[in-house]
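run_11.cif follows; it contains mmCIF, C-alpha atoms.
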data_model
loop_
_atom_site.label_atom_id
_atom_site.label_comp_id
_atom_site.auth_asym_id
_atom_site.auth_seq_id
_atom_site.Cartn_x
_atom_site.Cartn_y
_atom_site.Cartn_z
CA MET A 27 21.63 -22.40 5.66
CA ASP A 28 20.82 -25.82 4.22
CA ARG A 29 18.48 -26.97 6.92
CA ILE A 30 16.40 -25.29 9.60
CA PRO A 31 17.65 -26.46 13.01
CA ASP A 32 15.27 -28.53 15.15
CA ASP A 33 15.27 -26.01 17.98
CA VAL A 34 14.06 -23.32 15.57
CA LEU A 35 11.39 -25.60 14.11
CA ASP A 36 10.08 -26.47 17.56
CA ARG A 37 10.03 -22.93 18.92
CA PRO A 38 6.50 -21.72 19.83
CA ILE A 39 5.04 -19.22 17.37
CA ASP A 40 2.06 -16.89 17.35
CA GLY A 41 0.41 -15.00 14.54
CA LEU A 42 -2.40 -14.99 12.01
CA ASN A 43 -3.98 -17.93 10.17
CA LEU A 44 -1.47 -20.39 11.58
CA ARG A 45 -1.85 -24.18 11.29
CA GLY A 46 -0.29 -24.87 14.64
CA SER A 47 1.91 -23.56 17.39
CA THR A 48 5.39 -24.28 15.99
CA LEU A 49 7.27 -23.48 12.81
CA ARG A 50 7.54 -27.22 12.14
CA THR A 51 3.77 -27.52 11.99
CA GLU A 52 3.54 -24.41 9.87
CA LEU A 53 5.97 -25.78 7.31
CA SER A 54 4.49 -29.25 7.12
CA GLY A 55 2.62 -30.40 4.06
CA GLY A 56 4.83 -29.24 1.20
CA PRO A 57 7.08 -26.45 -0.01
CA ALA A 58 6.69 -22.97 1.38
CA VAL A 59 8.05 -19.51 0.74
CA ILE A 60 9.17 -17.82 3.95
CA ALA A 61 9.44 -14.05 3.70
CA PHE A 62 10.96 -11.93 6.44
CA LEU A 63 9.35 -8.49 6.38
CA ARG A 64 11.51 -5.74 7.81
CA HIS A 65 8.48 -3.53 8.39
CA LEU A 66 4.78 -3.18 7.73
CA GLY A 67 3.62 -0.21 5.76
CA MET B 23 7.13 -7.42 -0.46
CA ALA B 24 3.97 -9.00 0.96
CA ALA B 25 1.88 -7.51 -1.84
CA ASP B 26 4.25 -8.86 -4.49
CA LEU B 27 4.12 -12.32 -2.93
CA GLN B 28 0.34 -12.16 -2.72
CA ALA B 29 0.20 -11.28 -6.43
CA ALA B 30 2.64 -14.04 -7.43
CA ALA B 31 0.79 -16.66 -5.39
CA GLY B 32 -2.52 -15.50 -6.82
CA ARG B 33 -1.31 -15.87 -10.40
CA GLU B 34 0.12 -19.38 -10.06
CA PRO B 35 -2.19 -22.07 -8.60
CA GLY B 36 0.77 -24.32 -7.75
CA TYR B 37 2.70 -21.60 -5.95
CA PRO B 38 4.14 -22.74 -2.62
CA ARG B 39 2.39 -21.77 0.58
CA VAL B 40 3.51 -18.30 1.69
CA VAL B 41 4.51 -17.75 5.32
CA LEU B 42 5.26 -14.17 6.29
CA ILE B 43 7.40 -13.39 9.31
CA SER B 44 6.91 -9.93 10.69
CA LEU B 45 8.58 -7.95 13.45
CA ALA B 46 5.26 -6.42 14.44
CA SER B 47 3.00 -7.77 17.19
CA VAL B 48 0.08 -10.09 16.45
CA GLU B 49 -2.36 -7.20 16.91
CA ALA B 50 -0.39 -4.86 14.65
CA ASN B 51 -0.25 -7.58 11.99
CA ARG B 52 -3.97 -8.23 12.33
CA GLU B 53 -4.70 -4.55 11.85
CA PHE B 54 -2.33 -4.25 8.88
CA PHE B 55 -3.45 -7.36 7.00
CA ALA B 56 -7.18 -7.13 7.78
CA GLU B 57 -8.03 -5.43 4.51
CA ARG B 58 -4.86 -6.00 2.51
CA TRP B 59 -4.59 -9.81 2.78
CA PRO B 60 -6.94 -11.31 5.39
CA ALA B 61 -5.95 -14.90 4.58
CA ALA B 62 -2.22 -14.25 4.91
CA THR B 63 -0.26 -16.58 7.14
CA VAL B 64 1.79 -14.31 9.37
CA ILE B 65 4.12 -15.21 12.22
CA ALA B 66 4.71 -12.35 14.65
CA ASP B 67 8.37 -12.15 15.65
CA PRO B 68 8.69 -8.93 17.68
CA THR B 69 11.69 -10.31 19.61
CA LYS B 70 13.50 -11.02 16.28
CA ALA B 71 14.16 -14.58 17.43
CA LEU B 72 13.26 -16.10 14.05
CA PHE B 73 14.95 -13.27 12.19
CA ALA B 74 18.17 -14.05 14.07
CA ALA B 75 17.79 -17.80 13.60
CA PHE B 76 17.64 -17.27 9.84
CA GLY B 77 20.59 -14.89 9.84
CA ARG B 78 18.59 -11.69 9.36
CA ARG B 79 20.62 -8.88 10.90
CA ARG B 80 20.80 -5.15 10.58
CA GLY B 81 22.16 -4.08 7.21
CA SER B 82 25.00 -1.72 6.44
CA LEU B 83 24.34 1.91 5.56
CA LEU B 84 24.80 1.10 1.88
CA GLN B 85 22.46 -1.90 2.04
CA LEU B 86 19.76 0.14 3.78
CA PHE B 87 20.12 3.61 2.31
CA GLY B 88 22.10 3.11 -0.89
CA PRO B 89 20.93 4.18 -4.35
CA ARG B 90 19.61 0.72 -5.24
CA THR B 91 17.36 0.74 -2.18
CA PHE B 92 15.94 4.11 -3.15
CA ALA B 93 15.44 2.90 -6.73
CA ALA B 94 13.51 -0.09 -5.40
CA ALA B 95 11.41 2.20 -3.20
CA PHE B 96 10.60 4.30 -6.27
CA ARG B 97 9.59 1.18 -8.23
CA ALA B 98 7.31 0.17 -5.34
CA TRP B 99 5.83 3.66 -5.25
CA ARG B 100 5.08 3.45 -8.99
CA LYS B 101 3.28 0.16 -8.37
CA GLY B 102 1.04 1.93 -5.90
CA HIS B 103 2.66 0.79 -2.66
CA ARG B 104 2.74 3.62 -0.18
CA VAL B 105 4.82 3.82 2.96
CA GLY B 106 2.82 4.39 6.10
CA ARG B 107 3.96 4.41 9.68
CA ALA B 108 6.59 1.70 9.75
CA ARG B 109 6.06 -0.99 12.39
CA GLY B 110 9.10 -3.19 12.83
CA ASP B 111 12.76 -2.46 12.35
CA THR B 112 13.62 -0.65 9.16
CA LEU B 113 17.31 -1.29 9.81
CA VAL B 114 17.11 -5.06 9.59
CA MET B 115 17.62 -6.88 6.30
CA PRO B 116 14.69 -8.72 4.72
CA GLY B 117 14.83 -12.37 3.75
CA VAL B 118 13.21 -14.80 1.34
CA PHE B 119 13.62 -18.57 1.57
CA VAL B 120 11.94 -21.48 -0.18
CA VAL B 121 11.81 -24.51 2.08
CA ASP B 122 10.40 -28.02 2.07
CA GLY B 123 9.90 -28.92 5.69
CA ALA B 124 13.27 -28.38 7.34
CA ARG B 125 15.18 -28.36 4.04
CA VAL B 126 16.13 -24.97 2.61
CA LEU B 127 15.80 -25.21 -1.17
CA TYR B 128 16.63 -21.60 -2.01
CA GLU B 129 17.68 -18.42 -0.25
CA HIS B 130 17.58 -15.12 -2.08
CA PRO B 131 20.92 -13.36 -1.62
CA PHE B 132 19.80 -9.83 -0.77
CA ARG B 133 22.53 -7.38 -1.84
CA ASP B 134 20.56 -4.54 -0.29
CA ALA B 135 17.18 -3.98 1.31
CA GLY B 136 15.50 -3.27 -2.03
CA ASP B 137 16.97 -6.23 -3.89
CA HIS B 138 13.81 -8.30 -4.04
CA PRO B 139 13.71 -11.57 -5.97
CA ASP B 140 11.49 -12.21 -8.96
CA PHE B 141 8.71 -13.67 -6.84
CA ALA B 142 7.06 -15.43 -9.79
CA ARG B 143 10.29 -17.35 -10.43
CA LEU B 144 10.85 -18.54 -6.85
CA PRO B 145 9.45 -22.06 -7.51
CA GLU B 146 11.78 -22.37 -10.49
CA LEU B 147 14.78 -21.01 -8.57
CA ALA B 148 14.08 -23.52 -5.81
CA GLY B 149 13.97 -26.38 -8.31
CA LEU B 150 10.26 -26.98 -7.81
CA GLN B 151 9.37 -26.46 -11.46
CA PRO B 152 11.27 -26.46 -14.78
CA ALA B 153 13.01 -23.29 -15.92
CA GLY B 154 10.97 -21.05 -18.18
CA ARG B 155 7.58 -21.92 -16.71
CA GLY B 156 5.43 -19.36 -14.94
#
Full structure transcribed into structure tokens:
Amino acid sequence: MDRIPDDVLDRPIDGLNLRGSTLRTELSGGPAVIAFLRHLG
Amino acid sequence: MAADLQAAAGREPGYPRVVLISLASVEANREFFAERWPAATVIADPTKALFAAFGRRRGSLLQLFGPRTFAAAFRAWRKGHRVGRARGDTLVMPGVFVVDGARVLYEHPFRDAGDHPDFARLPELAGLQPAGRG
């Protein structure tokens, strides 16, 4: 994947300590590390 | 993995913002991170929609239960990480990406579930800082 598709960026999100309500908002403002956790604990 | 990222980000002031994506519900994430990492940015993805969008699928038997995965679990255990009641899907493969807005700068090629990247080197691997720093 070279680029995150627009429909993924604009999908509504929910969670903790978020900047906004979409992934696009969350990833604005500079580089970010995205980590997909397969489980907690 | 979250603890390793927290440690890497804590050591390097210029470390990119960390966004965790979890298969657990918002409430389960809140409960889990409350004491471990209260400031963590966590997106709850219980439907796996974001996991699927980023190509995270269930791993093969070897990727999930092979010797390298058990070796990684042992290393984590030695670092003090203990496995509690798993909330999520232990059969799905993890993922680590470095992005700048919509652009994907780096994707760690997980060979198996325990094949974590060197989290301290992620900015370098993504071309955000010169090799050998950090």
key: Test item: the PyMOL selection byres ((chain B) within 6 of (chain A)) resolved as a PyMOL selection string   = chain B and resi 38-44+48+63-66+105-106+108-112+114+116-126
key: Length of the CA of Tyr128 in chain B to CA of Glu146 in chain B vector [Å]   =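 Answer for the CA of Tyr128 in chain B to CA of Glu146 in chain B separation: 9.8 Å.
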Centre, edges in Å (one decimal): axis-aligned box, range 46-49 of chain A, 8 Å padding on all six sides, as lines of an AutoDock Vina configuration file:
center_x = 3.5
center_y = -24.2
center_z = 15.1
size_x = 23.6
size_y = 17.4
size_z = 20.6
key: Interatomic distance, CA of Thr69 in chain B to CA of Gly46 in chain A (Å, one decimal)   =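 Distance reported for this atom pair: 19.5 Å.
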Using all atoms listed in the file, can you list as a compact mmCIF listing (two decimals) with C-alpha atoms, in the coordinates of the input the residues within 12 Å of (8.1, -25.5, -11.4)?
# COMPACT_ATOMS: atom_id res chain seq x y z
CA PRO A 57 7.08 -26.45 -0.01
CA GLU B 34 0.12 -19.38 -10.06
CA PRO B 35 -2.19 -22.07 -8.60
CA GLY B 36 0.77 -24.32 -7.75
CA TYR B 37 2.70 -21.60 -5.95
CA PRO B 38 4.14 -22.74 -2.62
CA ALA B 142 7.06 -15.43 -9.79
CA ARG B 143 10.29 -17.35 -10.43
CA LEU B 144 10.85 -18.54 -6.85
CA PRO B 145 9.45 -22.06 -7.51
CA GLU B 146 11.78 -22.37 -10.49
CA LEU B 147 14.78 -21.01 -8.57
CA ALA B 148 14.08 -23.52 -5.81
CA GLY B 149 13.97 -26.38 -8.31
CA LEU B 150 10.26 -26.98 -7.81
CA GLN B 151 9.37 -26.46 -11.46
CA PRO B 152 11.27 -26.46 -14.78
CA ALA B 153 13.01 -23.29 -15.92
CA GLY B 154 10.97 -21.05 -18.18
CA ARG B 155 7.58 -21.92 -16.71
CA GLY B 156 5.43 -19.36 -14.94
request  = Quick one: everything within 9 Å of Asp26 in chain B, counting all atoms listed in the file, minus sequence neighbours fewer than 4 positions away in the same chain. Send it as a ChimeraX atom specification.
outcome  = /B:30-31,141-142
key: One-decimal distance in Å that lies between CA of Arg100 in chain B and CA of Glu129 in chain B   = 26.7 Å
